[in-house]
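Novice: So here's work-v4.cif (mmCIF, C-alpha atoms and all ligand atoms).
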data_work
loop_
_atom_site.label_atom_id
_atom_site.label_comp_id
_atom_site.auth_asym_id
_atom_site.auth_seq_id
_atom_site.Cartn_x
_atom_site.Cartn_y
_atom_site.Cartn_z
CA MET A 1 0.00 0.00 0.00
CA LYS A 2 1.53 3.32 -1.09
CA THR A 3 1.61 6.53 0.92
CA VAL A 4 1.15 9.97 -0.62
CA LEU A 5 1.77 13.28 1.11
CA ILE A 6 -0.24 16.10 -0.45
CA THR A 7 0.62 19.61 0.73
CA GLY A 8 -2.19 22.13 0.86
CA ALA A 9 -4.81 19.39 0.80
CA SER A 10 -7.40 21.17 2.92
CA ARG A 11 -8.89 23.02 -0.05
CA GLY A 12 -8.98 23.23 -3.85
CA ILE A 13 -6.72 21.08 -6.01
CA GLY A 14 -5.01 19.42 -3.04
CA ARG A 15 -8.36 18.43 -1.53
CA ALA A 16 -9.55 16.92 -4.82
CA ALA A 17 -6.24 15.06 -5.11
CA ALA A 18 -6.57 13.69 -1.57
CA LYS A 19 -9.98 12.28 -2.46
CA ARG A 20 -8.77 10.81 -5.77
CA PHE A 21 -5.61 9.20 -4.37
CA ALA A 22 -7.64 7.70 -1.50
CA LYS A 23 -10.09 6.22 -4.01
CA GLN A 24 -7.09 4.68 -5.78
CA GLY A 25 -6.07 2.95 -2.54
CA TYR A 26 -3.28 5.20 -1.28
CA ASN A 27 -2.70 6.08 2.37
CA VAL A 28 -3.21 9.83 2.20
CA ALA A 29 -1.33 12.30 4.38
CA ILE A 30 -3.30 15.55 4.22
CA ASN A 31 -1.18 18.60 4.96
CA TYR A 32 -2.83 21.90 5.85
CA CYS A 33 -1.68 25.19 7.32
CA LYS A 34 -4.64 27.31 8.47
CA SER A 35 -7.81 25.44 7.47
CA LYS A 36 -7.97 22.73 10.16
CA GLY A 37 -11.75 22.27 9.88
CA ALA A 38 -11.56 21.79 6.12
CA ALA A 39 -8.68 19.32 6.49
CA GLU A 40 -10.65 17.35 9.09
CA SER A 41 -13.72 17.26 6.87
CA ILE A 42 -11.89 15.78 3.84
CA CYS A 43 -10.14 13.31 6.13
CA ASP A 44 -13.50 12.21 7.61
CA GLU A 45 -15.03 11.94 4.15
CA ILE A 46 -12.19 9.67 2.96
CA ARG A 47 -12.45 7.47 6.05
CA GLN A 48 -16.25 7.22 5.76
CA ASN A 49 -15.73 5.94 2.20
CA GLY A 50 -13.38 3.23 3.44
CA GLY A 51 -10.11 5.04 2.64
CA ARG A 52 -7.09 5.76 4.82
CA ALA A 53 -6.14 9.35 5.64
CA SER A 54 -4.72 11.52 8.42
CA ILE A 55 -4.13 15.24 8.75
CA PHE A 56 -0.80 16.93 9.43
CA CYS A 57 -0.46 20.63 10.17
CA ALA A 58 2.62 22.49 8.90
CA ASP A 59 3.44 25.73 7.17
CA VAL A 60 5.51 24.40 4.28
CA ALA A 61 7.61 27.55 4.37
CA ASP A 62 8.87 26.60 7.85
CA ASN A 63 11.61 24.01 7.34
CA SER A 64 11.67 22.71 10.90
CA ARG A 65 7.87 22.22 10.92
CA VAL A 66 8.17 20.37 7.60
CA GLN A 67 10.78 18.02 9.03
CA GLU A 68 8.55 17.31 12.04
CA MET A 69 5.61 16.69 9.71
CA ILE A 70 7.56 14.22 7.53
CA GLU A 71 8.66 12.30 10.65
CA ALA A 72 5.05 12.22 11.88
CA VAL A 73 3.76 10.97 8.50
CA GLU A 74 6.45 8.25 8.31
CA CYS A 75 5.72 7.19 11.88
CA GLU A 76 1.97 6.86 11.24
CA MET A 77 1.80 5.81 7.58
CA GLY A 78 5.23 4.48 6.62
CA THR A 79 7.71 5.99 4.16
CA ILE A 80 6.37 8.43 1.63
CA ASP A 81 6.17 7.00 -1.90
CA VAL A 82 4.66 10.07 -3.56
CA LEU A 83 5.06 13.73 -2.64
CA ILE A 84 2.60 16.16 -4.20
CA ASN A 85 4.00 19.65 -3.66
CA ASN A 86 0.74 21.53 -4.14
CA ALA A 87 0.52 24.20 -1.40
CA GLY A 88 0.61 27.67 -2.90
CA ILE A 89 -0.58 31.21 -2.55
CA ALA A 90 -1.37 33.84 -5.15
CA PRO A 91 -0.98 37.46 -4.12
CA LYS A 92 -3.49 40.03 -5.33
CA GLN A 93 -2.79 41.14 -8.87
CA GLY A 94 -0.74 44.34 -9.09
CA LEU A 95 2.18 46.09 -10.68
CA PHE A 96 5.57 44.64 -9.77
CA THR A 97 6.69 48.02 -8.43
CA ASP A 98 3.77 48.11 -5.99
CA PHE A 99 4.94 44.98 -4.15
CA SER A 100 7.28 45.17 -1.17
CA GLU A 101 10.30 43.06 -0.35
CA ASN A 102 8.11 41.25 2.21
CA ASP A 103 5.56 40.39 -0.49
CA VAL A 104 8.33 38.90 -2.63
CA GLU A 105 9.65 36.88 0.32
CA SER A 106 6.25 35.53 1.29
CA VAL A 107 5.31 34.41 -2.26
CA PHE A 108 8.66 32.68 -2.74
CA ALA A 109 8.64 31.21 0.79
CA THR A 110 5.43 29.26 0.21
CA ASN A 111 5.47 28.68 -3.53
CA ILE A 112 9.04 27.48 -4.06
CA PHE A 113 10.99 27.27 -0.78
CA GLY A 114 8.09 25.26 0.68
CA MET A 115 8.41 22.73 -2.15
CA MET A 116 12.17 22.55 -1.60
CA ASN A 117 11.66 21.99 2.14
CA CYS A 118 9.28 19.08 1.54
CA ALA A 119 11.39 17.52 -1.21
CA ARG A 120 14.58 17.81 0.88
CA ALA A 121 12.87 15.97 3.72
CA VAL A 122 11.54 13.03 1.65
CA ILE A 123 14.43 12.47 -0.78
CA PRO A 124 16.87 10.56 1.52
CA LYS A 125 14.39 7.70 2.12
CA MET A 126 13.33 7.66 -1.55
CA VAL A 127 17.00 7.37 -2.53
CA SER A 128 17.59 4.44 -0.18
CA LYS A 129 14.47 2.69 -1.57
CA LYS A 130 15.55 3.63 -5.11
CA SER A 131 12.00 4.69 -5.92
CA GLY A 132 9.68 7.62 -5.45
CA LYS A 133 7.67 10.26 -7.26
CA ILE A 134 7.73 13.99 -6.66
CA ILE A 135 5.12 16.10 -8.42
CA ASN A 136 5.22 19.88 -8.14
CA VAL A 137 2.25 22.11 -8.93
CA SER A 138 3.42 25.05 -11.03
CA SER A 139 1.15 27.23 -13.19
CA ILE A 140 0.83 28.25 -16.82
CA TRP A 141 1.98 31.69 -15.63
CA GLY A 142 5.31 30.08 -14.74
CA ILE A 143 5.64 29.09 -18.41
CA CYS A 144 4.36 32.14 -20.25
CA GLY A 145 4.48 34.90 -17.60
CA GLY A 146 1.52 37.01 -16.55
CA SER A 147 1.23 40.79 -16.48
CA CYS A 148 0.40 42.01 -12.95
CA GLU A 149 1.33 38.49 -11.74
CA VAL A 150 5.12 38.96 -11.73
CA LEU A 151 5.81 37.53 -8.27
CA TYR A 152 3.53 34.52 -8.72
CA SER A 153 4.80 33.87 -12.27
CA SER A 154 8.45 34.11 -11.15
CA ALA A 155 7.95 31.69 -8.27
CA LYS A 156 6.05 29.25 -10.50
CA ALA A 157 8.81 29.50 -13.15
CA ALA A 158 11.29 28.62 -10.38
CA VAL A 159 9.17 25.54 -9.66
CA ILE A 160 9.75 24.44 -13.26
CA GLY A 161 13.54 24.96 -13.03
CA PHE A 162 13.53 23.08 -9.73
CA THR A 163 11.52 20.22 -11.29
CA LYS A 164 13.69 19.83 -14.36
CA SER A 165 17.02 19.96 -12.52
CA LEU A 166 15.95 17.78 -9.61
CA ALA A 167 14.60 15.23 -12.12
CA LYS A 168 18.08 14.90 -13.68
CA GLU A 169 19.75 14.66 -10.28
CA LEU A 170 17.38 11.97 -8.95
CA ALA A 171 16.82 9.88 -12.10
CA PRO A 172 19.80 7.57 -11.37
CA SER A 173 18.14 6.85 -7.99
CA GLY A 174 14.92 5.69 -9.67
CA ILE A 175 12.95 8.77 -8.60
CA THR A 176 10.86 10.75 -11.06
CA VAL A 177 10.15 14.47 -10.67
CA ASN A 178 7.50 16.18 -12.77
CA ALA A 179 5.33 19.29 -12.67
CA VAL A 180 1.75 20.06 -13.48
CA ALA A 181 0.93 23.53 -14.76
CA PRO A 182 -2.77 24.26 -14.34
CA GLY A 183 -4.51 27.06 -16.18
CA PHE A 184 -7.67 28.63 -14.79
CA ILE A 185 -9.10 26.23 -12.20
CA ASP A 186 -12.28 26.72 -10.17
CA THR A 187 -10.97 26.98 -6.59
CA ASP A 188 -10.87 29.55 -3.77
CA MET A 189 -7.76 30.99 -5.42
CA ASN A 190 -10.02 32.51 -8.10
CA SER A 191 -12.99 33.29 -5.86
CA HIS A 192 -12.21 37.02 -5.94
CA LEU A 193 -13.14 37.12 -9.64
CA SER A 194 -16.62 38.22 -10.61
CA GLU A 195 -18.82 36.02 -12.81
CA GLU A 196 -18.33 38.61 -15.55
CA ASP A 197 -14.52 38.35 -15.27
CA LYS A 198 -14.72 34.56 -15.37
CA LYS A 199 -16.90 34.69 -18.49
CA LEU A 200 -14.43 37.01 -20.22
CA PHE A 201 -11.53 34.76 -19.30
CA CYS A 202 -13.34 31.70 -20.67
CA GLU A 203 -13.57 33.37 -24.06
CA ASP A 204 -9.76 33.02 -24.34
CA ILE A 205 -9.78 29.34 -23.37
CA PRO A 206 -10.12 27.03 -26.42
CA LEU A 207 -12.22 24.55 -24.38
CA GLN A 208 -14.40 27.56 -23.40
CA ARG A 209 -14.64 26.76 -19.70
CA ILE A 210 -12.83 26.86 -16.39
CA GLY A 211 -11.10 23.64 -15.34
CA THR A 212 -11.99 21.69 -12.22
CA ALA A 213 -9.77 20.67 -9.32
CA GLU A 214 -10.78 17.06 -10.10
CA GLU A 215 -9.30 17.35 -13.61
CA VAL A 216 -5.96 18.46 -12.16
CA ALA A 217 -6.16 15.65 -9.59
CA GLU A 218 -6.48 13.08 -12.41
CA THR A 219 -3.26 14.41 -13.96
CA LEU A 220 -1.45 14.22 -10.62
CA LEU A 221 -2.65 10.63 -10.21
CA PHE A 222 -1.41 9.74 -13.70
CA LEU A 223 2.07 11.18 -13.03
CA ALA A 224 2.21 9.24 -9.74
CA SER A 225 1.21 5.98 -11.45
CA ASP A 226 3.28 3.25 -13.10
CA SER A 227 1.80 4.44 -16.42
CA ALA A 228 4.14 7.45 -16.10
CA SER A 229 7.22 5.37 -15.18
CA TYR A 230 9.34 6.70 -18.12
CA ILE A 231 8.31 10.35 -17.70
CA THR A 232 10.56 12.66 -15.71
CA GLY A 233 11.50 16.35 -15.80
CA GLN A 234 8.30 17.23 -17.65
CA VAL A 235 5.70 19.93 -17.21
CA LEU A 236 2.16 18.85 -18.07
CA THR A 237 -0.24 21.73 -18.67
CA VAL A 238 -3.90 21.28 -17.69
CA ASP A 239 -5.36 24.45 -19.14
CA GLY A 240 -8.08 23.68 -21.71
CA GLY A 241 -5.65 24.63 -24.48
CA LEU A 242 -5.00 28.16 -23.20
CA ILE A 243 -1.25 28.36 -23.88
P1 LIG A 301 -6.56 27.20 -2.87
O1 LIG A 301 -7.91 26.67 -3.14
O2 LIG A 301 -6.37 28.61 -2.44
O3 LIG A 301 -5.86 26.22 -1.80
C1 LIG A 301 -4.53 26.46 -1.41
C2 LIG A 301 -4.09 25.35 -0.49
O4 LIG A 301 -2.72 25.61 -0.14
C3 LIG A 301 -4.88 25.32 0.81
O5 LIG A 301 -5.14 23.98 1.16
C4 LIG A 301 -3.93 25.98 1.81
O6 LIG A 301 -4.06 25.43 3.12
C5 LIG A 301 -2.59 25.56 1.26
N1 LIG A 301 -1.51 26.43 1.72
C6 LIG A 301 -1.31 27.74 1.44
N2 LIG A 301 -0.20 28.19 2.06
C7 LIG A 301 0.31 27.12 2.74
C8 LIG A 301 1.43 26.94 3.57
N3 LIG A 301 2.30 27.94 3.81
N4 LIG A 301 1.67 25.71 4.10
C9 LIG A 301 0.80 24.68 3.85
N5 LIG A 301 -0.29 24.80 3.09
C10 LIG A 301 -0.54 26.00 2.53
O7 LIG A 301 -5.63 27.05 -4.15
P2 LIG A 301 -5.63 26.00 -5.37
O8 LIG A 301 -6.24 26.67 -6.51
O9 LIG A 301 -6.14 24.68 -4.93
O10 LIG A 301 -4.06 25.93 -5.64
C11 LIG A 301 -3.30 24.76 -5.42
C12 LIG A 301 -2.01 24.89 -6.21
O11 LIG A 301 -2.33 25.03 -7.60
C13 LIG A 301 -1.20 26.14 -5.85
O12 LIG A 301 0.17 25.82 -5.88
C14 LIG A 301 -1.55 27.12 -6.95
O13 LIG A 301 -0.55 28.07 -7.15
C15 LIG A 301 -1.68 26.16 -8.13
N6 LIG A 301 -2.47 26.70 -9.25
C16 LIG A 301 -3.79 27.03 -9.10
C17 LIG A 301 -4.48 27.54 -10.19
C18 LIG A 301 -5.93 27.93 -10.12
O14 LIG A 301 -6.44 28.52 -11.08
N7 LIG A 301 -6.63 27.63 -9.05
C19 LIG A 301 -3.82 27.71 -11.41
C20 LIG A 301 -2.49 27.36 -11.52
C21 LIG A 301 -1.83 26.85 -10.43
P3 LIG A 301 -4.76 26.20 4.38
O15 LIG A 301 -6.04 26.78 3.88
O16 LIG A 301 -4.91 25.08 5.37
O17 LIG A 301 -3.78 27.23 4.84
#
Go through the file and emit its structure as structure tokens.
Specialist:
Amino acid sequence: MKTVLITGASRGIGRAAAKRFAKQGYNVAINYCKSKGAAESICDEIRQNGGRASIFCADVADNSRVQEMIEAVECEMGTIDVLINNAGIAPKQGLFTDFSENDVESVFATNIFGMMNCARAVIPKMVSKKSGKIINVSSIWGICGGSCEVLYSSAKAAVIGFTKSLAKELAPSGITVNAVAPGFIDTDMNSHLSEEDKKLFCEDIPLQRIGTAEEVAETLLFLASDSASYITGQVLTVDGGLI
């Protein structure tokens, strides 16, 4: 029985992934930071459906909390076979020059340093087992860049560089590292947008609609599966054809 740790699994894409991996038979370690009630509710839902899940609180940007979390997951669920580095934040849109040094630090701390913290903590055991999968959630903005989204786009581009280089470093150890780059997905992250804004955005999407968290979860599950055993260092976009 495989164990997956999904960061930021209390809400949105991470929550949908927790549900999907549990349905597939994984032990699911649900990481959350602030939304304890939401994390508990998805954990209960999985257990009620016969799955195995537990919740683990940690701010991924805090390296010592991440190390404690990994030890707690390993103690309760065994070594981690799959790490889904999903936790992320998107600052309000704005001109680059309007953001402070603190804004830059906070976006990078969660969106890229958090992924590095989690990966650093799971890699040693994956290397000794000579197997493991790390999947990082980037964004299409990390590929093509977004105006008024400079901090977010830069951090998500760093996720891609991290993915590609780590993939080369870990391939001889039998570990694959890939990224998923979602487009416009219907989660809390986009809840500030009006219905009118969403409609306008959809006009630019070839599939003419917003994606769902469940659709991203399917892609994460594929990359974690044996069907993706010869895929590493890749970025899979899930964006309805937008870029
Ligand atoms: P969301 O609905 O806002 O959920 C974000 C999740 O990340 C929450 O579970 C939150 O947990 C967690 N999180 C935030 N900061 C954290 C921290 N420091 N430590 C641990 N967990 C933290 O967002 P989403 O749309 O599902 O986004 C998930 C990932 O997809 C992110 O990396 C995002 O950048 C990426 N993405 C999203 C879209 C989109 O359109 N939605 C597009 C491209 C990429 P708590 O609530 O417990 O703090």
Novice: Out of A:Ile42, A:Tyr230, A:Thr79, A:Ser194, which residue has the shortest atom-to-atom distance to Asn178 (chain A) when counting only C-alpha atoms?
Specialist: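 Ranking A:Ile42, A:Tyr230, A:Thr79, A:Ser194 by distance to Asn178 (chain A), first place goes to A:Tyr230.
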Novice: Tell me which protein, DNA and RNA residues are within 7 Å of region 148-151 of chain A, counting all atoms listed in the file, leaving out same-chain ones fewer than 2 positions away, and put them as a PyMOL selection string.
Specialist: chain A and resi 93-96+104+107+146+153-155
Novice: Distance table requested - chain A against ligand LIG 301 (chain A), cut-off 7 Å, only C-alpha atoms and all ligand atoms: one row per qualifying residue with the closest atom pair and its distance in Å to one decimal, ordered by chain and rising residue number, as CSV.
Specialist:
residue,atom,partner,partner_atom,distance
A:Thr7,CA,A:LIG301,N5,5.8
A:Gly8,CA,A:LIG301,C5,3.5
A:Ala9,CA,A:LIG301,O5,4.6
A:Ser10,CA,A:LIG301,O5,4.0
A:Arg11,CA,A:LIG301,O5,4.1
A:Gly12,CA,A:LIG301,O9,3.4
A:Ile13,CA,A:LIG301,O9,3.8
A:Gly14,CA,A:LIG301,O9,5.7
A:Arg15,CA,A:LIG301,O5,7.0
A:Asn31,CA,A:LIG301,C9,6.5
A:Tyr32,CA,A:LIG301,O16,3.8
A:Cys33,CA,A:LIG301,O16,3.8
A:Lys34,CA,A:LIG301,O17,3.7
A:Ser35,CA,A:LIG301,O16,3.6
A:Lys36,CA,A:LIG301,O16,6.2
A:Ala39,CA,A:LIG301,O16,7.0
A:Ala58,CA,A:LIG301,C9,5.8
A:Asp59,CA,A:LIG301,N4,3.5
A:Val60,CA,A:LIG301,N4,4.1
A:Ala61,CA,A:LIG301,N3,5.4
A:Asn86,CA,A:LIG301,O12,4.7
A:Ala87,CA,A:LIG301,O4,3.8
A:Gly88,CA,A:LIG301,O12,3.5
A:Ile89,CA,A:LIG301,C6,5.3
A:Ala90,CA,A:LIG301,O13,6.2
A:Thr110,CA,A:LIG301,N3,4.9
A:Asn111,CA,A:LIG301,O12,6.5
A:Val137,CA,A:LIG301,O12,5.2
A:Ser138,CA,A:LIG301,C21,5.6
A:Ser139,CA,A:LIG301,C20,4.0
A:Ile140,CA,A:LIG301,C20,6.3
A:Ala181,CA,A:LIG301,C20,6.1
A:Pro182,CA,A:LIG301,C20,4.2
A:Gly183,CA,A:LIG301,C19,4.9
A:Phe184,CA,A:LIG301,O14,3.9
A:Ile185,CA,A:LIG301,O14,3.7
A:Asp186,CA,A:LIG301,N7,5.8
A:Thr187,CA,A:LIG301,O1,4.6
A:Asp188,CA,A:LIG301,O1,4.2
A:Met189,CA,A:LIG301,O2,4.1
A:Asn190,CA,A:LIG301,N7,6.0
A:Ala213,CA,A:LIG301,O9,7.0
Novice: Grab the residues selected above and save them as a tab-separated table (two decimals), in the coordinates of the input with C-alpha atoms.
Specialist:
chain	number	residue	atom	x	y	z
A	7	THR	CA	0.62	19.61	0.73
A	8	GLY	CA	-2.19	22.13	0.86
A	9	ALA	CA	-4.81	19.39	0.80
A	10	SER	CA	-7.40	21.17	2.92
A	11	ARG	CA	-8.89	23.02	-0.05
A	12	GLY	CA	-8.98	23.23	-3.85
A	13	ILE	CA	-6.72	21.08	-6.01
A	14	GLY	CA	-5.01	19.42	-3.04
A	15	ARG	CA	-8.36	18.43	-1.53
A	31	ASN	CA	-1.18	18.60	4.96
A	32	TYR	CA	-2.83	21.90	5.85
A	33	CYS	CA	-1.68	25.19	7.32
A	34	LYS	CA	-4.64	27.31	8.47
A	35	SER	CA	-7.81	25.44	7.47
A	36	LYS	CA	-7.97	22.73	10.16
A	39	ALA	CA	-8.68	19.32	6.49
A	58	ALA	CA	2.62	22.49	8.90
A	59	ASP	CA	3.44	25.73	7.17
A	60	VAL	CA	5.51	24.40	4.28
A	61	ALA	CA	7.61	27.55	4.37
A	86	ASN	CA	0.74	21.53	-4.14
A	87	ALA	CA	0.52	24.20	-1.40
A	88	GLY	CA	0.61	27.67	-2.90
A	89	ILE	CA	-0.58	31.21	-2.55
A	90	ALA	CA	-1.37	33.84	-5.15
A	110	THR	CA	5.43	29.26	0.21
A	111	ASN	CA	5.47	28.68	-3.53
A	137	VAL	CA	2.25	22.11	-8.93
A	138	SER	CA	3.42	25.05	-11.03
A	139	SER	CA	1.15	27.23	-13.19
A	140	ILE	CA	0.83	28.25	-16.82
A	181	ALA	CA	0.93	23.53	-14.76
A	182	PRO	CA	-2.77	24.26	-14.34
A	183	GLY	CA	-4.51	27.06	-16.18
A	184	PHE	CA	-7.67	28.63	-14.79
A	185	ILE	CA	-9.10	26.23	-12.20
A	186	ASP	CA	-12.28	26.72	-10.17
A	187	THR	CA	-10.97	26.98	-6.59
A	188	ASP	CA	-10.87	29.55	-3.77
A	189	MET	CA	-7.76	30.99	-5.42
A	190	ASN	CA	-10.02	32.51	-8.10
A	213	ALA	CA	-9.77	20.67	-9.32
Novice: Can you tell me which residues surround Thr163 (chain A) at a distance of at most 12 Å, considering only C-alpha atoms, apart from same-chain residues fewer than 3 positions away, and format the answer as a ChimeraX atom specification?
Specialist: /A:85,112,115-116,119,133-138,156-160,166-171,175-181,232-236
Novice: Find the residue from A:Asn117, A:Ser173, A:Thr212, A:Ser225 that sits nearest to Gly25 (chain A); use only C-alpha atoms when measuring.
Specialist: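 Under the stated criterion, the closest residue is A:Ser225.
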